[in-house]
$ cat coords.pdb   # PDB, C-alpha atoms, pLDDT in the B column
MODEL        1
ATOM      1  CA  MET A 471      -5.823 -22.868  62.258  1.00 82.00           C
ATOM      2  CA  SER A 472      -7.786 -19.742  62.853  1.00 92.00           C
ATOM      3  CA  THR A 473      -9.896 -18.062  60.224  1.00 93.00           C
ATOM      4  CA  ALA A 474      -7.509 -15.098  59.965  1.00 92.00           C
ATOM      5  CA  SER A 475      -4.539 -17.373  59.304  1.00 94.00           C
ATOM      6  CA  LYS A 476      -6.524 -19.302  56.663  1.00 94.00           C
ATOM      7  CA  VAL A 477      -7.446 -16.039  54.899  1.00 95.00           C
ATOM      8  CA  THR A 478      -3.841 -14.841  55.060  1.00 96.00           C
ATOM      9  CA  PHE A 479      -2.574 -18.172  53.740  1.00 96.00           C
ATOM     10  CA  GLY A 480      -5.149 -18.137  50.903  1.00 96.00           C
ATOM     11  CA  ALA A 481      -4.310 -14.537  50.008  1.00 97.00           C
ATOM     12  CA  SER A 482      -0.597 -15.390  49.977  1.00 97.00           C
ATOM     13  CA  ILE A 483      -1.189 -18.329  47.644  1.00 98.00           C
ATOM     14  CA  ALA A 484      -3.417 -16.223  45.382  1.00 98.00           C
ATOM     15  CA  PHE A 485      -0.778 -13.474  45.276  1.00 97.00           C
ATOM     16  CA  ALA A 486       1.994 -15.982  44.498  1.00 98.00           C
ATOM     17  CA  VAL A 487      -0.019 -17.616  41.698  1.00 98.00           C
ATOM     18  CA  GLY A 488      -0.981 -14.210  40.301  1.00 97.00           C
ATOM     19  CA  ALA A 489       2.626 -12.997  40.391  1.00 98.00           C
ATOM     20  CA  PHE A 490       3.811 -16.201  38.693  1.00 98.00           C
ATOM     21  CA  ALA A 491       1.171 -15.868  35.959  1.00 98.00           C
ATOM     22  CA  PHE A 492       1.976 -12.187  35.380  1.00 98.00           C
ATOM     23  CA  ILE A 493       5.733 -12.797  35.187  1.00 98.00           C
ATOM     24  CA  ASN A 494       5.237 -15.724  32.800  1.00 98.00           C
ATOM     25  CA  TYR A 495       2.928 -13.640  30.586  1.00 98.00           C
ATOM     26  CA  SER A 496       5.301 -10.649  30.521  1.00 97.00           C
ATOM     27  CA  GLN A 497       8.228 -12.911  29.562  1.00 97.00           C
ATOM     28  CA  GLN A 498       6.235 -14.366  26.671  1.00 97.00           C
ATOM     29  CA  VAL A 499       5.350 -10.867  25.460  1.00 96.00           C
ATOM     30  CA  GLU A 500       9.009  -9.796  25.663  1.00 95.00           C
ATOM     31  CA  ARG A 501      10.139 -12.879  23.735  1.00 95.00           C
ATOM     32  CA  ALA A 502       7.577 -12.214  21.021  1.00 93.00           C
ATOM     33  CA  ALA A 503       8.746  -8.606  20.770  1.00 91.00           C
ATOM     34  CA  LEU A 504      12.375  -9.719  20.525  1.00 92.00           C
ATOM     35  CA  ARG A 505      11.497 -12.154  17.739  1.00 91.00           C
ATOM     36  CA  GLN A 506       9.800  -9.351  15.818  1.00 90.00           C
ATOM     37  CA  GLY A 507      12.926  -7.156  15.986  1.00 89.00           C
ATOM     38  CA  PRO A 508      14.913  -8.863  13.198  1.00 89.00           C
ATOM     39  CA  ILE A 509      11.771  -9.241  11.094  1.00 90.00           C
ATOM     40  CA  LYS A 510      11.015  -5.529  11.377  1.00 91.00           C
ATOM     41  CA  ASP A 511      14.659  -4.670  10.657  1.00 92.00           C
ATOM     42  CA  ALA A 512      14.661  -6.822   7.525  1.00 92.00           C
ATOM     43  CA  GLU A 513      11.435  -5.191   6.318  1.00 94.00           C
ATOM     44  CA  ARG A 514      12.822  -1.723   7.045  1.00 94.00           C
ATOM     45  CA  MET A 515      16.020  -2.522   5.123  1.00 96.00           C
ATOM     46  CA  ARG A 516      14.015  -3.956   2.213  1.00 96.00           C
ATOM     47  CA  MET A 517      11.873  -0.818   2.045  1.00 97.00           C
ATOM     48  CA  LYS A 518      14.975   1.389   2.235  1.00 97.00           C
ATOM     49  CA  GLU A 519      16.574  -0.501  -0.668  1.00 97.00           C
ATOM     50  CA  LEU A 520      13.338  -0.339  -2.665  1.00 97.00           C
ATOM     51  CA  ASN A 521      13.093   3.397  -2.040  1.00 97.00           C
ATOM     52  CA  ARG A 522      16.721   3.855  -3.125  1.00 97.00           C
ATOM     53  CA  LYS A 523      16.076   1.906  -6.342  1.00 97.00           C
ATOM     54  CA  GLN A 524      12.957   3.957  -7.068  1.00 98.00           C
ATOM     55  CA  ILE A 525      14.886   7.204  -6.626  1.00 97.00           C
ATOM     56  CA  LEU A 526      17.662   5.957  -8.923  1.00 97.00           C
ATOM     57  CA  ASN A 527      15.102   4.839 -11.525  1.00 98.00           C
ATOM     58  CA  GLN A 528      13.377   8.212 -11.351  1.00 97.00           C
ATOM     59  CA  GLN A 529      16.691  10.052 -11.782  1.00 97.00           C
ATOM     60  CA  ASP A 530      17.601   7.800 -14.708  1.00 97.00           C
ATOM     61  CA  HIS A 531      14.191   8.410 -16.284  1.00 97.00           C
ATOM     62  CA  ILE A 532      14.602  12.194 -15.999  1.00 97.00           C
ATOM     63  CA  GLU A 533      18.090  11.929 -17.486  1.00 97.00           C
ATOM     64  CA  GLN A 534      16.799   9.803 -20.379  1.00 96.00           C
ATOM     65  CA  GLN A 535      14.003  12.292 -21.075  1.00 95.00           C
ATOM     66  CA  ALA A 536      16.520  15.152 -21.161  1.00 95.00           C
ATOM     67  CA  LEU A 537      18.744  13.194 -23.568  1.00 94.00           C
ATOM     68  CA  LYS A 538      15.757  12.386 -25.788  1.00 91.00           C
ATOM     69  CA  GLU A 539      14.770  16.049 -25.977  1.00 91.00           C
ATOM     70  CA  LYS A 540      18.388  17.034 -26.693  1.00 91.00           C
ATOM     71  CA  PHE A 541      18.747  14.486 -29.495  1.00 89.00           C
ATOM     72  CA  GLU A 542      15.336  15.328 -30.971  1.00 86.00           C
ATOM     73  CA  LEU A 543      16.577  18.891 -31.450  1.00 87.00           C
ATOM     74  CA  VAL A 544      19.615  17.596 -33.342  1.00 84.00           C
ATOM     75  CA  GLN A 545      17.801  14.880 -35.297  1.00 82.00           C
ATOM     76  CA  PRO A 546      13.986  15.026 -35.232  1.00 76.00           C
ATOM     77  CA  LEU A 547      12.140  11.728 -35.062  1.00 76.00           C
ATOM     78  CA  GLN A 548      10.006  10.670 -38.000  1.00 75.00           C
ATOM     79  CA  SER A 549       7.099   8.270 -37.957  1.00 74.00           C
ATOM     80  CA  LYS A 550       8.260   6.698 -41.237  1.00 78.00           C
ATOM     81  CA  VAL A 551      10.029   3.350 -40.829  1.00 76.00           C
ATOM     82  CA  ILE A 552      13.103   3.059 -43.020  1.00 76.00           C
ATOM     83  CA  THR A 553      13.528  -0.335 -44.654  1.00 80.00           C
ATOM     84  CA  ALA A 554      16.096  -1.841 -47.023  1.00 77.00           C
ATOM     85  CA  ASP A 555      13.684  -1.471 -49.981  1.00 78.00           C
ATOM     86  CA  ASP A 556      13.568   2.322 -49.581  1.00 67.00           C
ATOM     87  CA  ASP A 557      17.158   2.757 -50.771  1.00 59.00           C
ATOM     88  CA  LYS A 558      16.536   1.049 -54.157  1.00 55.00           C
TER      89      LYS A 558
ENDMDL
END

$ encode --input "coords.pdb" --output "structure tokens"
Amino acid sequence: MSTASKVTFGASIAFAVGAFAFINYSQQVERAALRQGPIKDAERMRMKELNRKQILNQQDHIEQQALKEKFELVQPLQSKVITADDDK
């Protein structure tokens, strides 16, 4: 074999090995990304549900504060604790 054919053969083998390694690596990266998809979706859904609960809790808190203020106008709160002995 001539030197030129040996160089061409070696370059062909190097290219084939490099292409194989690159394709294998890119497939592994794609598989890892696909595995992360459901995990990210579950986290996104969990955060969405948490955010929805926080908004509902905040709305409920505002509603409770408004009711407290409304009822305090009708019947003011006193710091005195009423017990059964107070009636006698």

$ atom_distance --input "coords.pdb" --atom1 "atom CA of Lys550 of chain A" --atom2 "atom CA of Gln535 of chain A"
21.7 Å

$ atom_distance --input "coords.pdb" --atom1 "atom CA of Asn527 of chain A" --atom2 "atom CA of Ala512 of chain A"
22.3 Å

$ atom_distance --input "coords.pdb" --atom1 "atom CA of Ile493 of chain A" --atom2 "atom CA of Lys476 of chain A"
25.6 Å

$ build_atoms --input "coords.pdb" --residues "segment 509-524 of chain A" --atoms "N, CA and C atoms" --output "PDB file, in the frame of the given file"
ATOM      1  N   ILE A 509      12.742  -9.258  12.192  1.00 90.00           N
ATOM      2  CA  ILE A 509      11.771  -9.241  11.094  1.00 90.00           C
ATOM      3  C   ILE A 509      11.483  -7.802  10.684  1.00 90.00           C
ATOM      4  N   LYS A 510      11.271  -6.944  11.678  1.00 91.00           N
ATOM      5  CA  LYS A 510      11.015  -5.529  11.377  1.00 91.00           C
ATOM      6  C   LYS A 510      12.237  -4.876  10.751  1.00 91.00           C
ATOM      7  N   ASP A 511      13.439  -5.225  11.231  1.00 92.00           N
ATOM      8  CA  ASP A 511      14.659  -4.670  10.657  1.00 92.00           C
ATOM      9  C   ASP A 511      14.819  -5.085   9.201  1.00 92.00           C
ATOM     10  N   ALA A 512      14.551  -6.343   8.906  1.00 92.00           N
ATOM     11  CA  ALA A 512      14.661  -6.822   7.525  1.00 92.00           C
ATOM     12  C   ALA A 512      13.663  -6.102   6.627  1.00 92.00           C
ATOM     13  N   GLU A 513      12.451  -5.905   7.104  1.00 94.00           N
ATOM     14  CA  GLU A 513      11.435  -5.191   6.318  1.00 94.00           C
ATOM     15  C   GLU A 513      11.845  -3.735   6.112  1.00 94.00           C
ATOM     16  N   ARG A 514      12.383  -3.109   7.154  1.00 94.00           N
ATOM     17  CA  ARG A 514      12.822  -1.723   7.045  1.00 94.00           C
ATOM     18  C   ARG A 514      13.967  -1.604   6.034  1.00 94.00           C
ATOM     19  N   MET A 515      14.909  -2.546   6.072  1.00 96.00           N
ATOM     20  CA  MET A 515      16.020  -2.522   5.123  1.00 96.00           C
ATOM     21  C   MET A 515      15.539  -2.782   3.702  1.00 96.00           C
ATOM     22  N   ARG A 516      14.560  -3.676   3.546  1.00 96.00           N
ATOM     23  CA  ARG A 516      14.015  -3.956   2.213  1.00 96.00           C
ATOM     24  C   ARG A 516      13.331  -2.716   1.650  1.00 96.00           C
ATOM     25  N   MET A 517      12.564  -2.027   2.496  1.00 97.00           N
ATOM     26  CA  MET A 517      11.873  -0.818   2.045  1.00 97.00           C
ATOM     27  C   MET A 517      12.871   0.298   1.718  1.00 97.00           C
ATOM     28  N   LYS A 518      13.943   0.382   2.491  1.00 97.00           N
ATOM     29  CA  LYS A 518      14.975   1.389   2.235  1.00 97.00           C
ATOM     30  C   LYS A 518      15.639   1.125   0.886  1.00 97.00           C
ATOM     31  N   GLU A 519      15.959  -0.133   0.610  1.00 97.00           N
ATOM     32  CA  GLU A 519      16.574  -0.501  -0.668  1.00 97.00           C
ATOM     33  C   GLU A 519      15.608  -0.245  -1.826  1.00 97.00           C
ATOM     34  N   LEU A 520      14.340  -0.586  -1.634  1.00 97.00           N
ATOM     35  CA  LEU A 520      13.338  -0.339  -2.665  1.00 97.00           C
ATOM     36  C   LEU A 520      13.211   1.151  -2.940  1.00 97.00           C
ATOM     37  N   ASN A 521      13.193   1.949  -1.887  1.00 97.00           N
ATOM     38  CA  ASN A 521      13.093   3.397  -2.040  1.00 97.00           C
ATOM     39  C   ASN A 521      14.312   3.940  -2.781  1.00 97.00           C
ATOM     40  N   ARG A 522      15.495   3.421  -2.448  1.00 97.00           N
ATOM     41  CA  ARG A 522      16.721   3.855  -3.125  1.00 97.00           C
ATOM     42  C   ARG A 522      16.668   3.509  -4.613  1.00 97.00           C
ATOM     43  N   LYS A 523      16.189   2.308  -4.937  1.00 97.00           N
ATOM     44  CA  LYS A 523      16.076   1.906  -6.342  1.00 97.00           C
ATOM     45  C   LYS A 523      15.069   2.777  -7.085  1.00 97.00           C
ATOM     46  N   GLN A 524      13.959   3.111  -6.430  1.00 98.00           N
ATOM     47  CA  GLN A 524      12.957   3.957  -7.068  1.00 98.00           C
ATOM     48  C   GLN A 524      13.515   5.345  -7.353  1.00 98.00           C
TER      49      GLN A 524
END
